[in-house]
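What follows is a single structure, written as structure tokens, with notes after it.
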Amino acid sequence: MVCLFRYTYRLGHGLFNGSYIWSKIYSFKSSPYPGQDSVQRVIIFGDMGKALVKEGEEPKIYSHHRFANSLFMTLNTDYEMSMYSEAERDGSNDYSNYQPGSLNTTDQLIKDLDNIDIVFHIGDMTYANGYISQWDQFTSQVEPIASTVPYMVASGNHERDTPGTGSFYDTNDSGGECGVLAETMFYVPAENRAKFWYSTDYGMFHFCIADTEHDWREGSEQYRFIENCLASADRQKQPWLIFAAHRVLGYSSNDFLASQGSFEEPMGRESLQKLWQKYKVDIAIYGHVHNYERTCPIYQNQCMNEETSHYSGTVNGTIHVVVGGGGSHLSDFSPLQTFWSLYRDRDYGFVKLTAFSHSSLLFEYKKSSDGKVYDTFTISRDYRDVLACVQDGCEPTTLAT
């Protein structure tokens, strides 16, 4: 019998007169221990943003006074707070049509919250770009979710990238945040939270979360972490090994990435694909490209399995998924039809993984507009299938061994 405990809590603020102001009562349930055999449901998406705009004019963001003295960003310090109104669910009131799908994604997750155990938002969370009050808007929007289930995050370009600060990319996509807001607002179990890579366990899942805004190539500190994270998974207890990152280190037929000729973030998979294959990563999931796409189980540009919807036994390759349609403006696909792309959708949505047991996993892609499933596959296998040799997925042997 599996026992999970539910905890209730509330937040308070002490006043100078000795009294307290209390929040409403929240609750959450305990997480399953590593390897626990129970139904576990995981939501993953990227690039959501928030859906609050100022009425009547271009948004003009002001600093929130409680952060103004602790951050080095250049912000307006008159402490005036703008008046905002919600965008419509059809995106019609969203400023510049920039994050028109975020409310629908949030709504669907809240509606199905009783059937969700943990959420991974893999980068480009708020698109605040240096305006602190927009983090308040975002956290208010996701509060019903993040107050109830673990809300895990990854670092994206709009959280981290600022020239001259150690970012792998020399852009100012974070507006000067340099990752400070993301690592302050959300806890992740990283050894150094300025380096936003980490591993985490949830029941039968083992997650390796990479930070694409720092160097991941072979020989780097992060590459060593990734290999150690993948190698440390006890596949008898945690058979479902998931790799996640913001930028597409695997495969995408996005029009821009296709125009570069490699269908990936430049230098993305050259170093990592041998690790995914060696340690038999089940699924690699990315954001950054604002659409949905799923590949065949693939290794070195070759489909390793002819199945498309039900995989059983030894899968032989890693399935790569782009799920960057959390809410921000959508990205186009290349007109080229790649043989490894099994499903493409230029729409808003999110992924749900359901582990029924150590031998049964369900993958679903749901649209944010209606919460219905539009793409799905299953994996059924035993522990001996994980141990089986695949191409470049066995320890080298000699006659002596």
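Just remember, in the structure tokens the first chain shown is A, the second B, etc., residues are 1-based per chain, and ligands are 1-based in the order shown.
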
Inset, instruction - Skip segment 129-140 of chain A itself and residues of its chain fewer than 2 positions away, then list as a list in words all residues within 6 Å of it, counting only C-alpha atoms. - result: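 Those residues are Lys50, Ser63, His64, Thr126, Tyr127, Val142, Glu143, Ser174, Gly175, Gly176 and Glu177 of chain A.
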
Just N, CA and C atoms for this one: save the residues we selected as a tab-separated table (two decimals), in the first residue's frame.
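Final output, saved to again_0.tsv:
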```tsv
chain	number	residue	atom	x	y	z
A	50	LYS	N	3.33	35.60	-19.46
A	50	LYS	CA	2.16	35.95	-18.66
A	50	LYS	C	1.21	36.77	-19.53
A	63	SER	N	9.41	49.57	-11.10
A	63	SER	CA	10.04	48.63	-10.18
A	63	SER	C	9.15	48.39	-8.97
A	64	HIS	N	9.26	47.19	-8.43
A	64	HIS	CA	8.56	46.84	-7.19
A	64	HIS	C	9.51	47.18	-6.05
A	126	THR	N	8.79	34.23	-17.84
A	126	THR	CA	7.97	35.44	-17.76
A	126	THR	C	8.12	36.38	-18.94
A	127	TYR	N	9.27	36.33	-19.61
A	127	TYR	CA	9.64	37.35	-20.60
A	127	TYR	C	9.61	38.74	-19.97
A	142	VAL	N	0.53	31.82	-12.01
A	142	VAL	CA	0.78	30.39	-11.80
A	142	VAL	C	0.60	29.98	-10.34
A	143	GLU	N	0.23	30.91	-9.47
A	143	GLU	CA	0.10	30.60	-8.04
A	143	GLU	C	-0.80	29.39	-7.76
A	174	SER	N	17.74	38.75	-21.59
A	174	SER	CA	17.19	38.81	-20.23
A	174	SER	C	16.97	40.24	-19.77
A	175	GLY	N	17.38	41.22	-20.55
A	175	GLY	CA	17.21	42.61	-20.13
A	175	GLY	C	18.00	42.97	-18.89
A	176	GLY	N	19.11	42.26	-18.65
A	176	GLY	CA	19.94	42.56	-17.50
A	176	GLY	C	19.66	41.71	-16.27
A	177	GLU	N	18.73	40.76	-16.37
A	177	GLU	CA	18.42	39.93	-15.20
A	177	GLU	C	19.55	38.97	-14.84
```

What lies within 7 Å of Glu364 of chain A using only C-alpha atoms, ignoring chain neighbours under 6 positions off, as a tab-separated table (two decimals) with N, CA and C atoms, in the first residue's frame?
```tsv
chain	number	residue	atom	x	y	z
A	351	VAL	N	2.99	18.97	-22.68
A	351	VAL	CA	3.17	17.52	-22.68
A	351	VAL	C	2.82	16.97	-21.30
A	352	LYS	N	2.21	15.80	-21.29
A	352	LYS	CA	1.93	15.10	-20.04
A	352	LYS	C	2.50	13.69	-20.13
A	353	LEU	N	3.35	13.33	-19.16
A	353	LEU	CA	3.89	11.99	-19.05
A	353	LEU	C	3.22	11.31	-17.86
A	373	VAL	N	-6.16	15.61	-26.25
A	373	VAL	CA	-4.92	14.97	-26.69
A	373	VAL	C	-4.86	14.95	-28.21
A	375	ASP	N	-1.55	14.21	-29.83
A	375	ASP	CA	-0.48	13.28	-30.18
A	375	ASP	C	-0.17	12.43	-28.96
A	376	THR	N	0.09	11.16	-29.18
A	376	THR	CA	0.33	10.27	-28.04
A	376	THR	C	1.16	9.07	-28.47
A	377	PHE	N	1.89	8.52	-27.52
A	377	PHE	CA	2.53	7.23	-27.72
A	377	PHE	C	2.73	6.58	-26.37
```

Inset, instruction - For atom CA of Gly327 of chain A and atom CA of Pro266 of chain A, quote the distance in Å rounded to one decimal. - result: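 Atom-to-atom, atom CA of Gly327 of chain A and atom CA of Pro266 of chain A are spaced 24.5 Å apart.
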
Report as an mmCIF file with C-alpha atoms, in the first residue's frame: the residues of segment 70-261 of chain A with a DSSP assignment of helix (DSSP H, G or I), based on the backbone of this structure.
```cif
data_model
loop_
_atom_site.group_PDB
_atom_site.id
_atom_site.type_symbol
_atom_site.label_atom_id
_atom_site.label_comp_id
_atom_site.auth_asym_id
_atom_site.auth_seq_id
_atom_site.Cartn_x
_atom_site.Cartn_y
_atom_site.Cartn_z
ATOM 1 C CA TYR A 95 0.185 43.519 -26.014
ATOM 2 C CA SER A 96 1.754 43.073 -29.476
ATOM 3 C CA ASN A 97 0.287 39.548 -29.596
ATOM 4 C CA SER A 102 -0.322 31.751 -21.783
ATOM 5 C CA LEU A 103 -3.722 32.096 -20.137
ATOM 6 C CA ASN A 104 -5.116 29.070 -21.934
ATOM 7 C CA THR A 105 -2.152 26.956 -20.867
ATOM 8 C CA THR A 106 -2.509 28.124 -17.268
ATOM 9 C CA ASP A 107 -6.265 27.530 -17.325
ATOM 10 C CA GLN A 108 -5.922 23.964 -18.594
ATOM 11 C CA LEU A 109 -3.350 23.064 -15.947
ATOM 12 C CA ILE A 110 -5.480 24.527 -13.161
ATOM 13 C CA LYS A 111 -8.541 22.699 -14.475
ATOM 14 C CA LEU A 113 -4.652 20.022 -11.276
ATOM 15 C CA ASP A 114 -6.048 16.987 -9.445
ATOM 16 C CA ASN A 115 -4.434 14.841 -12.150
ATOM 17 C CA SER A 133 6.870 43.759 -11.585
ATOM 18 C CA GLN A 134 6.247 41.361 -14.466
ATOM 19 C CA TRP A 135 7.610 38.562 -12.290
ATOM 20 C CA ASP A 136 4.867 39.405 -9.795
ATOM 21 C CA GLN A 137 2.324 39.183 -12.596
ATOM 22 C CA PHE A 138 3.662 35.796 -13.662
ATOM 23 C CA THR A 139 3.844 34.296 -10.181
ATOM 24 C CA SER A 140 0.296 35.490 -9.512
ATOM 25 C CA GLN A 141 -0.856 33.736 -12.676
ATOM 26 C CA VAL A 142 0.781 30.390 -11.803
ATOM 27 C CA GLU A 143 0.103 30.596 -8.041
ATOM 28 C CA PRO A 144 -2.791 28.071 -8.108
ATOM 29 C CA ILE A 145 -0.385 25.564 -9.679
ATOM 30 C CA ALA A 146 2.888 26.364 -7.904
ATOM 31 C CA ASN A 157 17.677 32.945 -22.788
ATOM 32 C CA HIS A 158 15.069 35.357 -21.413
ATOM 33 C CA GLU A 159 16.154 34.512 -17.867
ATOM 34 C CA ARG A 160 19.929 34.496 -18.295
ATOM 35 C CA VAL A 180 19.115 36.536 -10.683
ATOM 36 C CA LEU A 181 15.313 36.707 -10.719
ATOM 37 C CA ALA A 182 14.850 33.107 -11.855
ATOM 38 C CA GLU A 183 17.191 31.648 -9.240
ATOM 39 C CA THR A 184 15.662 33.851 -6.533
ATOM 40 C CA MET A 185 12.007 33.231 -7.337
ATOM 41 C CA GLU A 221 31.805 21.480 -16.539
ATOM 42 C CA GLN A 222 28.196 21.018 -17.571
ATOM 43 C CA TYR A 223 29.010 18.140 -19.913
ATOM 44 C CA ARG A 224 30.582 16.310 -16.985
ATOM 45 C CA PHE A 225 27.461 16.970 -14.929
ATOM 46 C CA ILE A 226 25.165 15.680 -17.687
ATOM 47 C CA GLU A 227 27.092 12.442 -18.041
ATOM 48 C CA ASN A 228 27.161 11.924 -14.291
ATOM 49 C CA CYS A 229 23.429 12.655 -14.039
ATOM 50 C CA LEU A 230 22.545 10.164 -16.765
ATOM 51 C CA ALA A 231 24.946 7.548 -15.412
ATOM 52 C CA ASP A 255 12.299 27.274 -40.199
ATOM 53 C CA PHE A 256 15.287 29.139 -38.709
ATOM 54 C CA LEU A 257 17.076 26.024 -37.452
ATOM 55 C CA ALA A 258 16.407 24.307 -40.759
ATOM 56 C CA SER A 259 17.930 27.260 -42.614
#
```

Legend entry - Among the residues A:Val289, A:Ile122, A:Ile283, A:Ala233, the one that comes closest to Ile209 of chain A [using only C-alpha atoms]: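 For Ile209 of chain A, the nearest of the given residues is A:Ile122.
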
Legend entry - Between atom CA of Ser357 of chain A and atom CA of Asp201 of chain A - distance in Å to one decimal: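 Result for atom CA of Asp201 of chain A versus atom CA of Ser357 of chain A: 15.3 Å, one decimal.
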
Going by DSSP on the backbone, which residues of segment 162-275 of chain A come out as strand (DSSP E or B)? List them as a PDB file with N, CA, C and O atoms, in the first residue's frame.
```pdb
ATOM      1  N   TYR A 198      20.748  20.738 -13.072  1.00  0.00           N
ATOM      2  CA  TYR A 198      20.501  19.937 -11.864  1.00  0.00           C
ATOM      3  C   TYR A 198      19.835  18.618 -12.235  1.00  0.00           C
ATOM      4  O   TYR A 198      19.317  18.449 -13.339  1.00  0.00           O
ATOM      5  N   SER A 199      19.862  17.691 -11.295  1.00  0.00           N
ATOM      6  CA  SER A 199      19.134  16.434 -11.431  1.00  0.00           C
ATOM      7  C   SER A 199      18.082  16.375 -10.342  1.00  0.00           C
ATOM      8  O   SER A 199      18.244  16.963  -9.265  1.00  0.00           O
ATOM      9  N   THR A 200      17.004  15.681 -10.625  1.00  0.00           N
ATOM     10  CA  THR A 200      15.970  15.511  -9.613  1.00  0.00           C
ATOM     11  C   THR A 200      15.211  14.223  -9.885  1.00  0.00           C
ATOM     12  O   THR A 200      15.101  13.769 -11.032  1.00  0.00           O
ATOM     13  N   ASP A 201      14.714  13.622  -8.822  1.00  0.00           N
ATOM     14  CA  ASP A 201      13.983  12.367  -8.907  1.00  0.00           C
ATOM     15  C   ASP A 201      12.527  12.599  -8.533  1.00  0.00           C
ATOM     16  O   ASP A 201      12.224  13.402  -7.646  1.00  0.00           O
ATOM     17  N   TYR A 202      11.657  11.885  -9.196  1.00  0.00           N
ATOM     18  CA  TYR A 202      10.250  11.893  -8.811  1.00  0.00           C
ATOM     19  C   TYR A 202       9.699  10.495  -9.057  1.00  0.00           C
ATOM     20  O   TYR A 202       9.371  10.129 -10.195  1.00  0.00           O
ATOM     21  N   PHE A 205      10.672   8.393 -12.137  1.00  0.00           N
ATOM     22  CA  PHE A 205      11.349   9.257 -13.102  1.00  0.00           C
ATOM     23  C   PHE A 205      12.694   9.739 -12.554  1.00  0.00           C
ATOM     24  O   PHE A 205      12.818  10.054 -11.362  1.00  0.00           O
ATOM     25  N   HIS A 206      13.683   9.834 -13.432  1.00  0.00           N
ATOM     26  CA  HIS A 206      14.935  10.514 -13.135  1.00  0.00           C
ATOM     27  C   HIS A 206      15.113  11.593 -14.200  1.00  0.00           C
ATOM     28  O   HIS A 206      15.131  11.301 -15.402  1.00  0.00           O
ATOM     29  N   PHE A 207      15.208  12.853 -13.754  1.00  0.00           N
ATOM     30  CA  PHE A 207      15.304  13.992 -14.663  1.00  0.00           C
ATOM     31  C   PHE A 207      16.709  14.581 -14.631  1.00  0.00           C
ATOM     32  O   PHE A 207      17.263  14.820 -13.546  1.00  0.00           O
ATOM     33  N   CYS A 208      17.260  14.848 -15.808  1.00  0.00           N
ATOM     34  CA  CYS A 208      18.504  15.600 -15.944  1.00  0.00           C
ATOM     35  C   CYS A 208      18.175  16.895 -16.680  1.00  0.00           C
ATOM     36  O   CYS A 208      17.822  16.881 -17.864  1.00  0.00           O
ATOM     37  N   ILE A 209      18.258  18.013 -15.948  1.00  0.00           N
ATOM     38  CA  ILE A 209      17.884  19.319 -16.493  1.00  0.00           C
ATOM     39  C   ILE A 209      19.143  20.092 -16.836  1.00  0.00           C
ATOM     40  O   ILE A 209      19.963  20.401 -15.962  1.00  0.00           O
ATOM     41  N   TRP A 240      12.392   5.467 -16.088  1.00  0.00           N
ATOM     42  CA  TRP A 240      12.077   6.520 -17.054  1.00  0.00           C
ATOM     43  C   TRP A 240      13.080   7.663 -16.912  1.00  0.00           C
ATOM     44  O   TRP A 240      13.029   8.434 -15.965  1.00  0.00           O
ATOM     45  N   LEU A 241      14.004   7.729 -17.886  1.00  0.00           N
ATOM     46  CA  LEU A 241      15.099   8.707 -17.870  1.00  0.00           C
ATOM     47  C   LEU A 241      14.779   9.828 -18.857  1.00  0.00           C
ATOM     48  O   LEU A 241      14.701   9.602 -20.072  1.00  0.00           O
ATOM     49  N   ILE A 242      14.620  11.046 -18.327  1.00  0.00           N
ATOM     50  CA  ILE A 242      14.191  12.193 -19.122  1.00  0.00           C
ATOM     51  C   ILE A 242      15.282  13.267 -19.093  1.00  0.00           C
ATOM     52  O   ILE A 242      15.741  13.670 -18.018  1.00  0.00           O
ATOM     53  N   PHE A 243      15.666  13.737 -20.276  1.00  0.00           N
ATOM     54  CA  PHE A 243      16.593  14.860 -20.418  1.00  0.00           C
ATOM     55  C   PHE A 243      15.779  16.062 -20.865  1.00  0.00           C
ATOM     56  O   PHE A 243      14.942  15.960 -21.766  1.00  0.00           O
ATOM     57  N   ALA A 244      16.014  17.228 -20.247  1.00  0.00           N
ATOM     58  CA  ALA A 244      15.259  18.428 -20.626  1.00  0.00           C
ATOM     59  C   ALA A 244      16.183  19.635 -20.630  1.00  0.00           C
ATOM     60  O   ALA A 244      17.109  19.737 -19.827  1.00  0.00           O
ATOM     61  N   ALA A 245      15.932  20.548 -21.547  1.00  0.00           N
ATOM     62  CA  ALA A 245      16.715  21.776 -21.668  1.00  0.00           C
ATOM     63  C   ALA A 245      15.885  22.801 -22.418  1.00  0.00           C
ATOM     64  O   ALA A 245      14.878  22.462 -23.056  1.00  0.00           O
ATOM     65  N   ASN A 254      12.037  23.581 -37.197  1.00  0.00           N
ATOM     66  CA  ASN A 254      11.750  25.015 -37.196  1.00  0.00           C
ATOM     67  C   ASN A 254      12.421  25.675 -38.395  1.00  0.00           C
ATOM     68  O   ASN A 254      13.528  25.297 -38.793  1.00  0.00           O
TER      69      ASN A 254
END
```

Legend entry - Proximity to Pro189 of chain A - best of A:Ala154, A:Arg384, A:Tyr292, A:Val281, only C-alpha atoms: A:Ala154

Legend entry - Residue among A:Phe356, A:Phe28, A:Phe350, A:Tyr383 lying closest to Ile285 of chain A, counting only C-alpha atoms: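 Closest to Ile285 of chain A, using only C-alpha atoms: A:Phe350.
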
Inset, instruction - Between atom CA of Cys389 of chain A and atom CA of Leu361 of chain A, measure the distance and give it in Å to one decimal. - result: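 Between atom CA of Cys389 of chain A and atom CA of Leu361 of chain A the gap works out to 21.0 Å.
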